[in-house]
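Asks: Here it is: the structure, laid out below.
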Amino acid sequence: MKRGELLGSLEHIILLALVRLDGNAYGMIVRREIEERTGRNLSIGAVYATLERLETKGYVSSFTGEPTPERGGRAKRLFRVEAAGKQALQTSNQTIRSMTAGLKGHWGTI
Amino acid sequence: MRRGSPPTFACWLLESLLPDPYREAVLGDLIEEYALRIESTSRLTASRWFWSQACRSLPPTVWSLLRSRDCLISISIAMGVYIFMGTLKFAADWMISKLIAPDQTTHVVLAPIVFLTTTVIGGCVATRIRRGATIFLALLVTITVAILIDVKVCSIPVPWWYQFGFLTLGPLTVILPPLFGRLKQQGTVT
């Protein structure tokens with residue numbers, strides 16, 4: 001990750017979901033994981049568009065699974081977080097922690 | 001639409017518009033979740049969810065498509081097929097006016113037949129080359145018909161529904177071949 005470049009909020013959330021799902025992540029599972037944890041009802045298109053962006057940046061990699069009948073004979077596209085993605089997550093988390101440190105008393109006024 | 005199978009038109013819409021690398025994955029995911037939802041809710045609720053996902057999924061994926069090289073390829077193919085359709089229509093019009101009936105009234109009667117045949121052929125050719133190109137071809141046909149209506153290319157007065165027919169049926173016949181292809185694939189058309 002370039003210096004000063006932070007993850008977008010959706011990129012951040014999706015990367016965290018991928019880390020949680022640990023290699024068994026495809027669009028639908030990621031979408032449901034986010035919905036269950038945050039209540040955010042994302043569209044599958046938004047999830048894949050973000051995953052594509054993350055893949056272009058080298059933060060995630062994807063591979064095609066086997067086609068299954070319950071998917072109408074369509075293959076899954078599974079994603080996993082790469083080392084660069086984990087680094088980007090650490091940097092983003094660190095930045096947020098640094099910026100929120102000492103603000104506990106201000107939450108009521110922000 | 002068969003029971004248990006997601007809305008056909010929504011599937012076709014996604015299949016036509018989604019960028020190639022994610023088309024299979026997005027549709028597969030939606031079909032899988034639709035199958036899970038139909039077990040716990042009604043078909044109507046599950047279909048509504050599917051449509052909502054399809055409609056909300058299109059803007060981010062189309063935006064992603066527009067930023068990719070895929071879009072330029074689809075537009076180029078659509079332009080090529082559009083020129084081919086124009087040549088075909090010009091040749092047919094020329095043959096009709098020279099060989100069959102040169103008067104305007106016969107031309108007005110035959111024009112929709114020639115036009116719709118040309119658009120069906122164009123739609124089939126575009127689908128054969130690249131399915132994603134049909135939507136751009138339909139857009140080109142709509143713009144062309146709208147311009148021709150605006151400049152009043154027809155020298156004799158015609159009713160509004162005649163022009164409206166061109167405007168609606170033109171793009172529809174372009175996008176129908178891939179839709180029927182898909183229906184046939186699913187076994188709903190025998």
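Within each chain, counting starts at residue 1; across the structure tokens, chains are named A, B, ... in the order shown, with ligands numbered 1 upward in that order.
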Distance table requested - chain A against chain B, cut-off 12 Å, only C-alpha atoms: one row per qualifying residue with the closest atom pair and its distance in Å to one decimal, ordered by chain and rising residue number, as CSV.
Replies:
residue,atom,partner,partner_atom,distance
A:Ala25,CA,B:Asp29,CA,11.6
A:Tyr26,CA,B:Asp29,CA,8.2
A:Gly27,CA,B:Asp29,CA,6.7
A:Met28,CA,B:Asp29,CA,5.4
A:Ile29,CA,B:Asp29,CA,8.7
A:Val30,CA,B:Asp29,CA,10.7
A:Arg31,CA,B:Asp29,CA,10.1
A:Arg32,CA,B:Glu33,CA,9.8
A:Asn41,CA,B:Gln53,CA,9.7
A:Leu42,CA,B:Gln53,CA,8.6
A:Ser43,CA,B:Ser57,CA,5.4
A:Ile44,CA,B:Ser57,CA,6.0
A:Gly45,CA,B:Ser57,CA,3.9
A:Ala46,CA,B:Pro60,CA,5.5
A:Val47,CA,B:Ser57,CA,8.8
A:Tyr48,CA,B:Tyr22,CA,7.2
A:Ala49,CA,B:Thr61,CA,5.9
A:Thr50,CA,B:Pro60,CA,8.8
A:Leu51,CA,B:Tyr22,CA,10.1
A:Glu52,CA,B:Ser64,CA,8.7
A:Arg53,CA,B:Ser64,CA,8.9
A:Thr56,CA,B:Ser68,CA,11.6
A:Ser62,CA,B:Pro21,CA,10.7
A:Phe63,CA,B:Ala25,CA,10.9
A:Thr64,CA,B:Ala25,CA,8.8
A:Gly65,CA,B:Ala25,CA,9.7
A:Glu66,CA,B:Ala25,CA,11.1
A:Pro67,CA,B:Gly28,CA,8.8
A:Thr68,CA,B:Gly28,CA,8.8
A:Pro69,CA,B:Glu32,CA,9.2
A:Glu70,CA,B:Glu32,CA,5.8
A:Arg71,CA,B:Gly28,CA,4.6
A:Gly72,CA,B:Gly28,CA,6.5
A:Gly73,CA,B:Gly28,CA,7.7
A:Arg74,CA,B:Gly28,CA,5.2
A:Ala75,CA,B:Ala25,CA,6.2
A:Lys76,CA,B:Ala25,CA,5.4
A:Arg77,CA,B:Ala25,CA,5.6
A:Leu78,CA,B:Ala25,CA,9.0
A:Phe79,CA,B:Ala25,CA,11.4
Asks: Those same residues - C-alpha atoms - I'd like them written as a PDB file, in the first residue's frame.
Replies:
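Output below, filename again-v4.pdb:
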ATOM      1  CA  ALA A  25     -15.004 -16.900   0.747  1.00  0.00           C
ATOM      2  CA  TYR A  26     -17.063 -16.201  -2.310  1.00  0.00           C
ATOM      3  CA  GLY A  27     -19.409 -13.292  -3.063  1.00  0.00           C
ATOM      4  CA  MET A  28     -22.568 -14.627  -1.454  1.00  0.00           C
ATOM      5  CA  ILE A  29     -20.825 -15.742   1.747  1.00  0.00           C
ATOM      6  CA  VAL A  30     -19.018 -12.398   2.044  1.00  0.00           C
ATOM      7  CA  ARG A  31     -22.291 -10.519   1.504  1.00  0.00           C
ATOM      8  CA  ARG A  32     -24.083 -12.598   4.168  1.00  0.00           C
ATOM      9  CA  ASN A  41     -27.629  -5.189   2.991  1.00  0.00           C
ATOM     10  CA  LEU A  42     -25.044  -4.938   0.212  1.00  0.00           C
ATOM     11  CA  SER A  43     -25.754  -5.913  -3.365  1.00  0.00           C
ATOM     12  CA  ILE A  44     -23.745  -8.818  -4.723  1.00  0.00           C
ATOM     13  CA  GLY A  45     -22.618  -6.538  -7.562  1.00  0.00           C
ATOM     14  CA  ALA A  46     -21.093  -4.062  -5.108  1.00  0.00           C
ATOM     15  CA  VAL A  47     -19.276  -6.923  -3.357  1.00  0.00           C
ATOM     16  CA  TYR A  48     -17.794  -8.238  -6.609  1.00  0.00           C
ATOM     17  CA  ALA A  49     -16.924  -4.757  -7.923  1.00  0.00           C
ATOM     18  CA  THR A  50     -14.997  -4.124  -4.678  1.00  0.00           C
ATOM     19  CA  LEU A  51     -13.346  -7.544  -4.788  1.00  0.00           C
ATOM     20  CA  GLU A  52     -12.282  -6.846  -8.372  1.00  0.00           C
ATOM     21  CA  ARG A  53     -10.749  -3.531  -7.263  1.00  0.00           C
ATOM     22  CA  THR A  56      -6.326  -5.228  -9.171  1.00  0.00           C
ATOM     23  CA  SER A  62      -9.155 -15.377  -6.739  1.00  0.00           C
ATOM     24  CA  PHE A  63      -9.559 -18.829  -8.168  1.00  0.00           C
ATOM     25  CA  THR A  64     -12.468 -20.630  -9.781  1.00  0.00           C
ATOM     26  CA  GLY A  65     -14.164 -23.495  -7.968  1.00  0.00           C
ATOM     27  CA  GLU A  66     -16.160 -26.384  -9.383  1.00  0.00           C
ATOM     28  CA  PRO A  67     -19.594 -25.731 -10.984  1.00  0.00           C
ATOM     29  CA  THR A  68     -22.442 -27.072  -8.844  1.00  0.00           C
ATOM     30  CA  PRO A  69     -26.091 -27.913  -9.731  1.00  0.00           C
ATOM     31  CA  GLU A  70     -27.523 -25.663  -6.982  1.00  0.00           C
ATOM     32  CA  ARG A  71     -25.800 -22.729  -8.698  1.00  0.00           C
ATOM     33  CA  GLY A  72     -27.335 -23.581 -12.075  1.00  0.00           C
ATOM     34  CA  GLY A  73     -24.066 -25.214 -13.140  1.00  0.00           C
ATOM     35  CA  ARG A  74     -22.055 -22.058 -12.505  1.00  0.00           C
ATOM     36  CA  ALA A  75     -18.687 -22.057 -10.817  1.00  0.00           C
ATOM     37  CA  LYS A  76     -17.850 -20.228  -7.589  1.00  0.00           C
ATOM     38  CA  ARG A  77     -15.138 -17.599  -7.565  1.00  0.00           C
ATOM     39  CA  LEU A  78     -13.271 -17.974  -4.300  1.00  0.00           C
ATOM     40  CA  PHE A  79     -11.152 -15.204  -2.843  1.00  0.00           C
TER      41      PHE A  79
END
Asks: Can you measure atom CA of Thr38 of chain A to atom CA of Gly58 of chain A for me? One decimal in Å is fine.
Replies: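 Atom CA of Gly58 of chain A lies 25.7 Å from atom CA of Thr38 of chain A.
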Asks: Please return as number ranges by chain: the residues of chain A that backbone DSSP assigns to strand (DSSP E or B).
Replies: A: 25, 60-68, 74-81
Asks: Which residues are close to segment 77-84 of chain B, i.e. within 12 Å by only C-alpha atoms, leaving aside same-chain residues fewer than 2 positions away? Reply as number ranges by chain.
Replies: B: 70-75, 86-91, 118-144, 171, 174
Asks: Just the number, please: distance in Å from atom CA of Gly85 of chain A to atom CA of Leu66 of chain B, one decimal.
Replies: 25.4 Å
Asks: Just list as a ChimeraX atom specification whatever in chain A DSSP marks as helix (DSSP H, G or I).
Replies: /A:9-21,27-38,44-56,69-71,83-100,104-106
Asks: Any idea what the distance is between atom CA of Ile100 of chain B and atom CA of Val158 of chain B?
Replies: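 Between atom CA of Ile100 of chain B and atom CA of Val158 of chain B the gap works out to 21.5 Å.
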